[in-house]
>>> print(open('upload-v9.txt').read())   # compact mmCIF, N, CA, C and O atoms
# COMPACT_ATOMS: atom_id res chain seq x y z
N MET A 632 -21.04 11.88 14.09
CA MET A 632 -19.67 12.26 13.79
C MET A 632 -19.51 12.28 12.27
O MET A 632 -19.84 11.33 11.58
N ASP A 633 -18.98 13.36 11.75
CA ASP A 633 -18.72 13.48 10.32
C ASP A 633 -17.34 12.89 10.03
O ASP A 633 -16.33 13.38 10.54
N LYS A 634 -17.32 11.85 9.23
CA LYS A 634 -16.05 11.17 8.94
C LYS A 634 -15.48 11.55 7.57
O LYS A 634 -14.50 10.97 7.14
N VAL A 635 -16.08 12.52 6.91
CA VAL A 635 -15.62 12.96 5.61
C VAL A 635 -14.54 14.01 5.80
O VAL A 635 -14.69 14.95 6.57
N VAL A 636 -13.43 13.84 5.10
CA VAL A 636 -12.34 14.81 5.15
C VAL A 636 -12.08 15.33 3.74
O VAL A 636 -12.31 14.62 2.77
N PRO A 637 -11.58 16.54 3.62
CA PRO A 637 -11.42 17.14 2.29
C PRO A 637 -10.22 16.66 1.48
O PRO A 637 -10.18 16.84 0.28
N THR A 638 -9.22 16.06 2.13
CA THR A 638 -8.02 15.64 1.38
C THR A 638 -7.60 14.23 1.77
O THR A 638 -7.89 13.75 2.87
N ALA A 639 -6.87 13.60 0.86
CA ALA A 639 -6.32 12.28 1.15
C ALA A 639 -5.31 12.34 2.29
O ALA A 639 -5.24 11.43 3.12
N ALA A 640 -4.56 13.42 2.35
CA ALA A 640 -3.56 13.58 3.43
C ALA A 640 -4.24 13.57 4.79
O ALA A 640 -3.73 12.95 5.73
N GLN A 641 -5.38 14.21 4.90
CA GLN A 641 -6.11 14.20 6.17
C GLN A 641 -6.70 12.83 6.45
O GLN A 641 -6.78 12.42 7.60
N ALA A 642 -7.07 12.10 5.40
CA ALA A 642 -7.65 10.78 5.59
C ALA A 642 -6.64 9.79 6.18
O ALA A 642 -7.01 8.88 6.92
N VAL A 643 -5.36 9.97 5.86
CA VAL A 643 -4.33 9.04 6.35
C VAL A 643 -3.48 9.65 7.47
O VAL A 643 -2.48 9.05 7.87
N ALA A 644 -3.87 10.80 7.98
CA ALA A 644 -3.07 11.51 8.98
C ALA A 644 -2.79 10.69 10.23
O ALA A 644 -1.76 10.85 10.87
N ASP A 645 -3.69 9.78 10.59
CA ASP A 645 -3.51 8.98 11.80
C ASP A 645 -2.86 7.62 11.53
O ASP A 645 -2.71 6.82 12.45
N VAL A 646 -2.46 7.36 10.30
CA VAL A 646 -1.82 6.08 9.96
C VAL A 646 -0.32 6.23 10.19
O VAL A 646 0.39 6.81 9.38
N GLY A 647 0.14 5.68 11.30
CA GLY A 647 1.55 5.81 11.66
C GLY A 647 2.36 4.59 11.31
O GLY A 647 1.86 3.61 10.75
N ASP A 648 3.61 4.63 11.66
CA ASP A 648 4.51 3.50 11.45
C ASP A 648 3.98 2.27 12.16
O ASP A 648 3.47 2.36 13.29
N GLY A 649 4.08 1.12 11.50
CA GLY A 649 3.66 -0.14 12.09
C GLY A 649 2.17 -0.42 11.99
O GLY A 649 1.70 -1.43 12.52
N ALA A 650 1.43 0.43 11.31
CA ALA A 650 -0.01 0.24 11.17
C ALA A 650 -0.32 -0.98 10.31
O ALA A 650 0.47 -1.39 9.46
N SER A 651 -1.48 -1.56 10.54
CA SER A 651 -1.99 -2.66 9.72
C SER A 651 -3.09 -2.12 8.84
O SER A 651 -3.99 -1.42 9.32
N LEU A 652 -3.01 -2.43 7.54
CA LEU A 652 -3.97 -1.89 6.58
C LEU A 652 -4.59 -3.00 5.74
O LEU A 652 -3.88 -3.89 5.28
N ALA A 653 -5.88 -2.94 5.54
CA ALA A 653 -6.57 -3.78 4.56
C ALA A 653 -6.79 -2.89 3.34
O ALA A 653 -7.41 -1.84 3.44
N VAL A 654 -6.24 -3.30 2.20
CA VAL A 654 -6.28 -2.46 1.00
C VAL A 654 -7.09 -3.17 -0.07
O VAL A 654 -6.78 -4.29 -0.46
N GLY A 655 -8.12 -2.50 -0.54
CA GLY A 655 -9.02 -3.07 -1.54
C GLY A 655 -8.43 -3.07 -2.93
O GLY A 655 -7.33 -2.59 -3.17
N GLY A 656 -9.20 -3.62 -3.83
CA GLY A 656 -8.82 -3.69 -5.22
C GLY A 656 -8.52 -5.11 -5.64
O GLY A 656 -8.33 -6.01 -4.81
N PHE A 657 -8.52 -5.32 -6.93
CA PHE A 657 -8.21 -6.62 -7.50
C PHE A 657 -7.37 -6.36 -8.74
O PHE A 657 -7.83 -5.72 -9.68
N GLY A 658 -6.14 -6.85 -8.71
CA GLY A 658 -5.23 -6.48 -9.79
C GLY A 658 -4.93 -5.00 -9.66
O GLY A 658 -4.56 -4.52 -8.60
N LEU A 659 -5.18 -4.26 -10.72
CA LEU A 659 -5.00 -2.80 -10.66
C LEU A 659 -6.33 -2.07 -10.65
O LEU A 659 -6.37 -0.85 -10.70
N SER A 660 -7.44 -2.80 -10.55
CA SER A 660 -8.76 -2.19 -10.53
C SER A 660 -9.22 -1.94 -9.10
O SER A 660 -9.09 -2.81 -8.24
N GLY A 661 -9.77 -0.77 -8.85
CA GLY A 661 -10.33 -0.47 -7.55
C GLY A 661 -9.32 -0.21 -6.45
O GLY A 661 -9.68 -0.16 -5.28
N VAL A 662 -8.07 -0.04 -6.79
CA VAL A 662 -7.01 0.21 -5.81
C VAL A 662 -7.07 1.69 -5.39
O VAL A 662 -7.16 2.57 -6.25
N PRO A 663 -6.98 1.99 -4.10
CA PRO A 663 -7.03 3.38 -3.64
C PRO A 663 -5.70 4.11 -3.83
O PRO A 663 -5.00 4.45 -2.87
N ASN A 664 -5.35 4.35 -5.09
CA ASN A 664 -4.05 4.94 -5.42
C ASN A 664 -3.81 6.30 -4.76
O ASN A 664 -2.69 6.60 -4.36
N VAL A 665 -4.85 7.12 -4.66
CA VAL A 665 -4.68 8.45 -4.06
C VAL A 665 -4.32 8.31 -2.59
O VAL A 665 -3.44 9.03 -2.09
N LEU A 666 -4.95 7.39 -1.88
CA LEU A 666 -4.64 7.19 -0.46
C LEU A 666 -3.25 6.57 -0.29
O LEU A 666 -2.52 6.92 0.64
N ILE A 667 -2.89 5.65 -1.17
CA ILE A 667 -1.55 5.05 -1.11
C ILE A 667 -0.48 6.12 -1.33
O ILE A 667 0.53 6.17 -0.61
N GLN A 668 -0.70 7.01 -2.28
CA GLN A 668 0.24 8.10 -2.53
C GLN A 668 0.33 9.02 -1.32
O GLN A 668 1.41 9.48 -0.94
N ALA A 669 -0.80 9.26 -0.66
CA ALA A 669 -0.80 10.10 0.54
C ALA A 669 -0.01 9.44 1.66
O ALA A 669 0.70 10.12 2.41
N LEU A 670 -0.12 8.12 1.80
CA LEU A 670 0.68 7.39 2.80
C LEU A 670 2.16 7.51 2.48
O LEU A 670 2.99 7.70 3.37
N TYR A 671 2.50 7.40 1.20
CA TYR A 671 3.89 7.53 0.78
C TYR A 671 4.42 8.92 1.16
O TYR A 671 5.50 9.05 1.74
N GLU A 672 3.66 9.95 0.82
CA GLU A 672 4.08 11.32 1.11
C GLU A 672 4.16 11.59 2.61
O GLU A 672 5.01 12.35 3.06
N ARG A 673 3.31 10.94 3.39
CA ARG A 673 3.32 11.10 4.84
C ARG A 673 4.56 10.46 5.46
O ARG A 673 5.03 10.86 6.51
N GLY A 674 5.09 9.44 4.81
CA GLY A 674 6.29 8.78 5.30
C GLY A 674 6.04 7.57 6.18
O GLY A 674 6.96 7.05 6.80
N SER A 675 4.79 7.13 6.26
CA SER A 675 4.47 5.95 7.08
C SER A 675 5.25 4.74 6.61
O SER A 675 5.39 4.51 5.41
N GLY A 676 5.77 3.96 7.57
CA GLY A 676 6.56 2.79 7.22
C GLY A 676 6.29 1.62 8.14
O GLY A 676 5.45 1.70 9.04
N ALA A 677 7.00 0.53 7.91
CA ALA A 677 6.84 -0.71 8.68
C ALA A 677 5.39 -1.16 8.68
O ALA A 677 4.89 -1.66 9.68
N LEU A 678 4.73 -0.99 7.54
CA LEU A 678 3.31 -1.29 7.43
C LEU A 678 3.07 -2.78 7.21
O LEU A 678 3.84 -3.45 6.52
N SER A 679 2.00 -3.29 7.80
CA SER A 679 1.52 -4.65 7.53
C SER A 679 0.30 -4.48 6.65
O SER A 679 -0.63 -3.75 6.99
N VAL A 680 0.30 -5.16 5.50
CA VAL A 680 -0.74 -4.97 4.51
C VAL A 680 -1.45 -6.28 4.21
O VAL A 680 -0.79 -7.31 4.04
N VAL A 681 -2.76 -6.23 4.15
CA VAL A 681 -3.57 -7.34 3.68
C VAL A 681 -4.22 -6.87 2.38
O VAL A 681 -4.95 -5.87 2.37
N SER A 682 -3.91 -7.54 1.29
CA SER A 682 -4.42 -7.14 -0.02
C SER A 682 -4.33 -8.31 -0.98
O SER A 682 -3.55 -9.24 -0.76
N ASN A 683 -5.07 -8.24 -2.05
CA ASN A 683 -5.00 -9.28 -3.07
C ASN A 683 -3.58 -9.41 -3.60
O ASN A 683 -3.06 -10.50 -3.76
N ASN A 684 -2.97 -8.28 -3.89
CA ASN A 684 -1.59 -8.28 -4.40
C ASN A 684 -0.86 -7.05 -3.89
O ASN A 684 -1.39 -6.30 -3.08
N CYS A 685 0.33 -6.83 -4.38
CA CYS A 685 1.12 -5.70 -3.88
C CYS A 685 1.43 -4.71 -5.00
O CYS A 685 2.51 -4.15 -5.05
N GLY A 686 0.47 -4.53 -5.88
CA GLY A 686 0.63 -3.58 -6.97
C GLY A 686 1.49 -4.12 -8.09
O GLY A 686 1.93 -5.26 -8.08
N ALA A 687 1.71 -3.28 -9.08
CA ALA A 687 2.54 -3.65 -10.23
C ALA A 687 3.18 -2.40 -10.80
O ALA A 687 2.60 -1.30 -10.72
N LEU A 688 4.38 -2.57 -11.33
CA LEU A 688 5.13 -1.46 -11.90
C LEU A 688 5.24 -0.34 -10.87
O LEU A 688 5.78 -0.54 -9.81
N ASP A 689 4.71 0.81 -11.18
CA ASP A 689 4.81 1.95 -10.26
C ASP A 689 3.44 2.38 -9.75
O ASP A 689 3.21 3.56 -9.50
N SER A 690 2.52 1.43 -9.59
CA SER A 690 1.19 1.82 -9.13
C SER A 690 0.73 0.93 -7.98
O SER A 690 1.27 -0.15 -7.74
N GLY A 691 -0.28 1.40 -7.28
CA GLY A 691 -0.82 0.65 -6.16
C GLY A 691 0.21 0.54 -5.04
O GLY A 691 1.03 1.43 -4.82
N LEU A 692 0.15 -0.56 -4.34
CA LEU A 692 1.05 -0.78 -3.20
C LEU A 692 2.52 -0.90 -3.61
O LEU A 692 3.40 -0.81 -2.76
N ALA A 693 2.78 -1.06 -4.90
CA ALA A 693 4.17 -1.14 -5.38
C ALA A 693 4.95 0.12 -5.02
O ALA A 693 6.16 0.06 -4.80
N VAL A 694 4.25 1.26 -4.91
CA VAL A 694 4.90 2.52 -4.53
C VAL A 694 5.49 2.40 -3.13
O VAL A 694 6.65 2.76 -2.89
N LEU A 695 4.71 1.86 -2.20
CA LEU A 695 5.19 1.70 -0.82
C LEU A 695 6.21 0.57 -0.72
O LEU A 695 7.17 0.66 0.04
N LEU A 696 5.99 -0.49 -1.46
CA LEU A 696 6.91 -1.64 -1.43
C LEU A 696 8.31 -1.24 -1.91
O LEU A 696 9.31 -1.54 -1.25
N ALA A 697 8.37 -0.52 -3.03
CA ALA A 697 9.66 -0.10 -3.58
C ALA A 697 10.39 0.85 -2.65
O ALA A 697 11.62 0.89 -2.63
N ALA A 698 9.64 1.60 -1.85
CA ALA A 698 10.25 2.56 -0.92
C ALA A 698 10.64 1.90 0.40
O ALA A 698 11.15 2.56 1.31
N GLY A 699 10.40 0.59 0.53
CA GLY A 699 10.76 -0.12 1.76
C GLY A 699 9.84 0.19 2.92
O GLY A 699 10.22 0.04 4.07
N ARG A 700 8.61 0.60 2.63
CA ARG A 700 7.68 0.99 3.68
C ARG A 700 6.78 -0.15 4.15
O ARG A 700 6.05 0.00 5.12
N ILE A 701 6.79 -1.29 3.44
CA ILE A 701 5.94 -2.42 3.80
C ILE A 701 6.81 -3.49 4.45
O ILE A 701 7.77 -3.97 3.86
N ALA A 702 6.44 -3.86 5.67
CA ALA A 702 7.19 -4.88 6.41
C ALA A 702 6.61 -6.27 6.21
O ALA A 702 7.35 -7.26 6.24
N ARG A 703 5.29 -6.35 5.99
CA ARG A 703 4.64 -7.66 5.89
C ARG A 703 3.44 -7.55 4.96
O ARG A 703 2.68 -6.59 5.02
N VAL A 704 3.27 -8.57 4.12
CA VAL A 704 2.12 -8.63 3.21
C VAL A 704 1.42 -9.96 3.38
O VAL A 704 2.05 -11.01 3.39
N THR A 705 0.12 -9.89 3.54
CA THR A 705 -0.72 -11.08 3.46
C THR A 705 -1.54 -10.92 2.19
O THR A 705 -2.32 -9.97 2.08
N GLY A 706 -1.31 -11.78 1.23
CA GLY A 706 -1.99 -11.66 -0.06
C GLY A 706 -2.13 -13.01 -0.73
O GLY A 706 -1.70 -14.03 -0.20
N SER A 707 -2.70 -12.97 -1.92
CA SER A 707 -2.94 -14.22 -2.62
C SER A 707 -2.28 -14.28 -3.99
O SER A 707 -2.34 -15.30 -4.65
N TYR A 708 -1.65 -13.19 -4.43
CA TYR A 708 -1.12 -13.17 -5.79
C TYR A 708 0.12 -12.29 -5.87
O TYR A 708 0.05 -11.09 -5.58
N ILE A 709 1.22 -12.86 -6.26
CA ILE A 709 2.44 -12.08 -6.46
C ILE A 709 2.37 -11.38 -7.80
O ILE A 709 2.75 -10.24 -7.94
N GLY A 710 1.87 -12.07 -8.82
CA GLY A 710 1.65 -11.47 -10.13
C GLY A 710 2.91 -11.03 -10.82
O GLY A 710 3.96 -11.65 -10.69
N ALA A 711 2.81 -9.91 -11.52
CA ALA A 711 3.90 -9.42 -12.34
C ALA A 711 4.79 -8.43 -11.60
O ALA A 711 5.61 -7.76 -12.21
N ASN A 712 4.65 -8.33 -10.30
CA ASN A 712 5.45 -7.39 -9.52
C ASN A 712 6.79 -8.04 -9.19
O ASN A 712 6.91 -8.81 -8.23
N LYS A 713 7.80 -7.71 -9.97
CA LYS A 713 9.11 -8.33 -9.81
C LYS A 713 9.76 -7.99 -8.47
O LYS A 713 10.45 -8.80 -7.88
N GLU A 714 9.54 -6.77 -7.99
CA GLU A 714 10.11 -6.38 -6.70
C GLU A 714 9.47 -7.17 -5.55
O GLU A 714 10.14 -7.59 -4.62
N PHE A 715 8.18 -7.38 -5.65
CA PHE A 715 7.47 -8.19 -4.64
C PHE A 715 8.02 -9.61 -4.65
O PHE A 715 8.34 -10.18 -3.59
N ALA A 716 8.17 -10.18 -5.82
CA ALA A 716 8.72 -11.54 -5.94
C ALA A 716 10.13 -11.60 -5.39
O ALA A 716 10.49 -12.54 -4.67
N ARG A 717 10.96 -10.60 -5.70
CA ARG A 717 12.34 -10.57 -5.21
C ARG A 717 12.39 -10.53 -3.69
O ARG A 717 13.11 -11.30 -3.05
N GLN A 718 11.58 -9.66 -3.09
CA GLN A 718 11.57 -9.56 -1.63
C GLN A 718 11.00 -10.83 -0.99
O GLN A 718 11.47 -11.25 0.07
N TYR A 719 10.02 -11.42 -1.61
CA TYR A 719 9.42 -12.65 -1.10
C TYR A 719 10.44 -13.79 -1.09
O TYR A 719 10.57 -14.51 -0.11
N LEU A 720 11.16 -13.92 -2.19
CA LEU A 720 12.14 -15.01 -2.29
C LEU A 720 13.36 -14.73 -1.44
O LEU A 720 13.98 -15.59 -0.93
>>> encode(input="upload-v9.txt", output="structure tokens")
Amino acid sequence: MDKVVPTAAQAVADVGDGASLAVGGFGLSGVPNVLIQALYERGSGALSVVSNNCGALDSGLAVLLAAGRIARVTGSYIGANKEFARQYL
């Protein structure tokens, strides 16, 4: 089976509302920003995310968090993401 797809949109086409995602990266390094943006554009919501953190400023998972698309985060670092800290508290 060929699992390679030509676009990020096709890669996330089966990720629906309520999906659980493990998202790589550490800090802002190695984060799959293109796939996260594709999820945002697809409109997926109520996501459960396992990741080191939830992005910062307007990058990484912060895009989905600010849009209210993340329902639950399992992570180890709140960091400098003020919106993540606000929602957590």
>>> atom_distance(input="upload-v9.txt", atom1="CA of Arg700 in chain A", atom2="CA of Gly686 in chain A")
13.6 Å
>>> atom_distance(input="upload-v9.txt", atom1="atom O of Tyr671 in chain A", atom2="atom C of Met632 in chain A")
27.3 Å
>>> select_by_dssp(input="upload-v9.txt", residues="chain A", states="helix (DSSP H, G or I)", output="list in words")
Ala639, Ala640, Gln641, Ala642, Asn664, Val665, Leu666, Ile667, Gln668, Ala669, Leu670, Tyr671, Glu672, Arg673, Ala693, Val694, Leu695, Leu696, Ala697, Lys713, Glu714, Phe715, Ala716, Arg717, Gln718 and Tyr719 of chain A
>>> atom_distance(input="upload-v9.txt", atom1="CA of Gly674 in chain A", atom2="CA of Gly658 in chain A")
24.4 Å
>>> residues_around(input="upload-v9.txt", residues="Leu659 in chain A", least_positions_apart="6", cutoff="8 Å", atoms="only C-alpha atoms", output="number ranges by chain")
A: 686-687, 690-691
>>> write_last_selection(input="upload-v9.txt", atoms="N, CA, C and O atoms", output="PDB file, keeping the file's coordinate frame")
ATOM      1  N   GLY A 686       0.470  -4.530  -5.880  1.00  0.00           N
ATOM      2  CA  GLY A 686       0.630  -3.580  -6.970  1.00  0.00           C
ATOM      3  C   GLY A 686       1.490  -4.120  -8.090  1.00  0.00           C
ATOM      4  O   GLY A 686       1.930  -5.260  -8.080  1.00  0.00           O
ATOM      5  N   ALA A 687       1.710  -3.280  -9.080  1.00  0.00           N
ATOM      6  CA  ALA A 687       2.540  -3.650 -10.230  1.00  0.00           C
ATOM      7  C   ALA A 687       3.180  -2.400 -10.800  1.00  0.00           C
ATOM      8  O   ALA A 687       2.600  -1.300 -10.720  1.00  0.00           O
ATOM      9  N   SER A 690       2.520   1.430  -9.590  1.00  0.00           N
ATOM     10  CA  SER A 690       1.190   1.820  -9.130  1.00  0.00           C
ATOM     11  C   SER A 690       0.730   0.930  -7.980  1.00  0.00           C
ATOM     12  O   SER A 690       1.270  -0.150  -7.740  1.00  0.00           O
ATOM     13  N   GLY A 691      -0.280   1.400  -7.280  1.00  0.00           N
ATOM     14  CA  GLY A 691      -0.820   0.650  -6.160  1.00  0.00           C
ATOM     15  C   GLY A 691       0.210   0.540  -5.040  1.00  0.00           C
ATOM     16  O   GLY A 691       1.030   1.430  -4.820  1.00  0.00           O
TER      17      GLY A 691
END
>>> closest_residue(input="upload-v9.txt", among="A:Thr705, A:Val662, A:Glu672, A:Ala677", to="Leu692 in chain A", atoms="only N, CA, C and O atoms")
A:Val662
>>> select_by_dssp(input="upload-v9.txt", residues="chain A", states="strand (DSSP E)", output="list in words")
Ser651, Leu652, Ala653, Leu678, Ser679, Val680, Val681, Ile701, Ala702, Arg703, Val704 and Thr705 of chain A
>>> closest_residue(input="upload-v9.txt", among="A:Val704, A:Leu720, A:Ala697, A:Ala639", to="Asn664 in chain A", atoms="only C-alpha atoms")
A:Ala639
>>> closest_residue(input="upload-v9.txt", among="A:Gln668, A:Phe715, A:Gly661, A:Leu652", to="Ala640 in chain A", atoms="all atoms listed in the file")
A:Gln668
>>> closest_residue(input="upload-v9.txt", among="A:Ile709, A:Ile701, A:Val681, A:Val694", to="Ile667 in chain A", atoms="only N, CA, C and O atoms")
A:Val694
>>> closest_residue(input="upload-v9.txt", among="A:Glu714, A:Ser682, A:Leu695, A:Leu688", to="Phe657 in chain A", atoms="only N, CA, C and O atoms")
A:Ser682
>>> decode(input="upload-v9.txt", residues="range 650-661 of chain A", atoms="all heavy atoms", output="PDB file, in the first residue's frame")
ATOM      1  N   ALA A 650     -10.893  13.507  17.044  1.00  0.00           N
ATOM      2  CA  ALA A 650      -9.732  12.635  16.839  1.00  0.00           C
ATOM      3  C   ALA A 650      -8.678  12.871  17.917  1.00  0.00           C
ATOM      4  O   ALA A 650      -8.593  13.946  18.510  1.00  0.00           O
ATOM      5  CB  ALA A 650      -9.120  12.888  15.464  1.00  0.00           C
ATOM      6  N   SER A 651      -7.889  11.851  18.167  1.00  0.00           N
ATOM      7  CA  SER A 651      -6.743  11.945  19.079  1.00  0.00           C
ATOM      8  C   SER A 651      -5.478  11.978  18.239  1.00  0.00           C
ATOM      9  O   SER A 651      -5.312  11.155  17.335  1.00  0.00           O
ATOM     10  CB  SER A 651      -6.690  10.739  20.016  1.00  0.00           C
ATOM     11  OG  SER A 651      -7.811  10.740  20.862  1.00  0.00           O
ATOM     12  N   LEU A 652      -4.605  12.939  18.543  1.00  0.00           N
ATOM     13  CA  LEU A 652      -3.391  13.130  17.755  1.00  0.00           C
ATOM     14  C   LEU A 652      -2.157  13.162  18.639  1.00  0.00           C
ATOM     15  O   LEU A 652      -2.163  13.815  19.681  1.00  0.00           O
ATOM     16  CB  LEU A 652      -3.451  14.461  16.995  1.00  0.00           C
ATOM     17  CG  LEU A 652      -4.656  14.726  16.116  1.00  0.00           C
ATOM     18  CD1 LEU A 652      -4.637  16.170  15.629  1.00  0.00           C
ATOM     19  CD2 LEU A 652      -4.668  13.761  14.963  1.00  0.00           C
ATOM     20  N   ALA A 653      -1.112  12.488  18.225  1.00  0.00           N
ATOM     21  CA  ALA A 653       0.210  12.627  18.834  1.00  0.00           C
ATOM     22  C   ALA A 653       0.995  13.536  17.905  1.00  0.00           C
ATOM     23  O   ALA A 653       1.155  13.242  16.720  1.00  0.00           O
ATOM     24  CB  ALA A 653       0.890  11.275  18.979  1.00  0.00           C
ATOM     25  N   VAL A 654       1.451  14.672  18.427  1.00  0.00           N
ATOM     26  CA  VAL A 654       2.106  15.676  17.595  1.00  0.00           C
ATOM     27  C   VAL A 654       3.551  15.824  18.037  1.00  0.00           C
ATOM     28  O   VAL A 654       3.828  16.133  19.193  1.00  0.00           O
ATOM     29  CB  VAL A 654       1.368  17.030  17.687  1.00  0.00           C
ATOM     30  CG1 VAL A 654       2.046  18.070  16.815  1.00  0.00           C
ATOM     31  CG2 VAL A 654      -0.088  16.858  17.276  1.00  0.00           C
ATOM     32  N   GLY A 655       4.456  15.621  17.103  1.00  0.00           N
ATOM     33  CA  GLY A 655       5.890  15.687  17.396  1.00  0.00           C
ATOM     34  C   GLY A 655       6.393  17.102  17.535  1.00  0.00           C
ATOM     35  O   GLY A 655       5.678  18.076  17.362  1.00  0.00           O
ATOM     36  N   GLY A 656       7.665  17.180  17.844  1.00  0.00           N
ATOM     37  CA  GLY A 656       8.340  18.452  17.989  1.00  0.00           C
ATOM     38  C   GLY A 656       8.705  18.712  19.436  1.00  0.00           C
ATOM     39  O   GLY A 656       8.207  18.070  20.363  1.00  0.00           O
ATOM     40  N   PHE A 657       9.612  19.639  19.615  1.00  0.00           N
ATOM     41  CA  PHE A 657      10.050  20.040  20.944  1.00  0.00           C
ATOM     42  C   PHE A 657      10.225  21.545  20.903  1.00  0.00           C
ATOM     43  O   PHE A 657      11.047  22.058  20.142  1.00  0.00           O
ATOM     44  CB  PHE A 657      11.368  19.352  21.315  1.00  0.00           C
ATOM     45  CG  PHE A 657      11.814  19.653  22.706  1.00  0.00           C
ATOM     46  CD1 PHE A 657      11.218  19.016  23.786  1.00  0.00           C
ATOM     47  CD2 PHE A 657      12.808  20.583  22.946  1.00  0.00           C
ATOM     48  CE1 PHE A 657      11.619  19.296  25.091  1.00  0.00           C
ATOM     49  CE2 PHE A 657      13.215  20.864  24.239  1.00  0.00           C
ATOM     50  CZ  PHE A 657      12.620  20.225  25.305  1.00  0.00           C
ATOM     51  N   GLY A 658       9.430  22.244  21.703  1.00  0.00           N
ATOM     52  CA  GLY A 658       9.427  23.699  21.577  1.00  0.00           C
ATOM     53  C   GLY A 658       8.818  24.038  20.230  1.00  0.00           C
ATOM     54  O   GLY A 658       7.741  23.578  19.890  1.00  0.00           O
ATOM     55  N   LEU A 659       9.548  24.795  19.433  1.00  0.00           N
ATOM     56  CA  LEU A 659       9.073  25.117  18.086  1.00  0.00           C
ATOM     57  C   LEU A 659       9.860  24.361  17.019  1.00  0.00           C
ATOM     58  O   LEU A 659       9.665  24.589  15.830  1.00  0.00           O
ATOM     59  CB  LEU A 659       9.164  26.622  17.845  1.00  0.00           C
ATOM     60  CG  LEU A 659       8.274  27.473  18.754  1.00  0.00           C
ATOM     61  CD1 LEU A 659       8.474  28.956  18.474  1.00  0.00           C
ATOM     62  CD2 LEU A 659       6.814  27.092  18.605  1.00  0.00           C
ATOM     63  N   SER A 660      10.734  23.453  17.423  1.00  0.00           N
ATOM     64  CA  SER A 660      11.538  22.681  16.478  1.00  0.00           C
ATOM     65  C   SER A 660      10.857  21.365  16.142  1.00  0.00           C
ATOM     66  O   SER A 660      10.367  20.663  17.026  1.00  0.00           O
ATOM     67  CB  SER A 660      12.913  22.380  17.075  1.00  0.00           C
ATOM     68  OG  SER A 660      13.577  23.569  17.379  1.00  0.00           O
ATOM     69  N   GLY A 661      10.831  21.025  14.871  1.00  0.00           N
ATOM     70  CA  GLY A 661      10.298  19.745  14.446  1.00  0.00           C
ATOM     71  C   GLY A 661       8.784  19.625  14.484  1.00  0.00           C
ATOM     72  O   GLY A 661       8.254  18.532  14.359  1.00  0.00           O
TER      73      GLY A 661
END
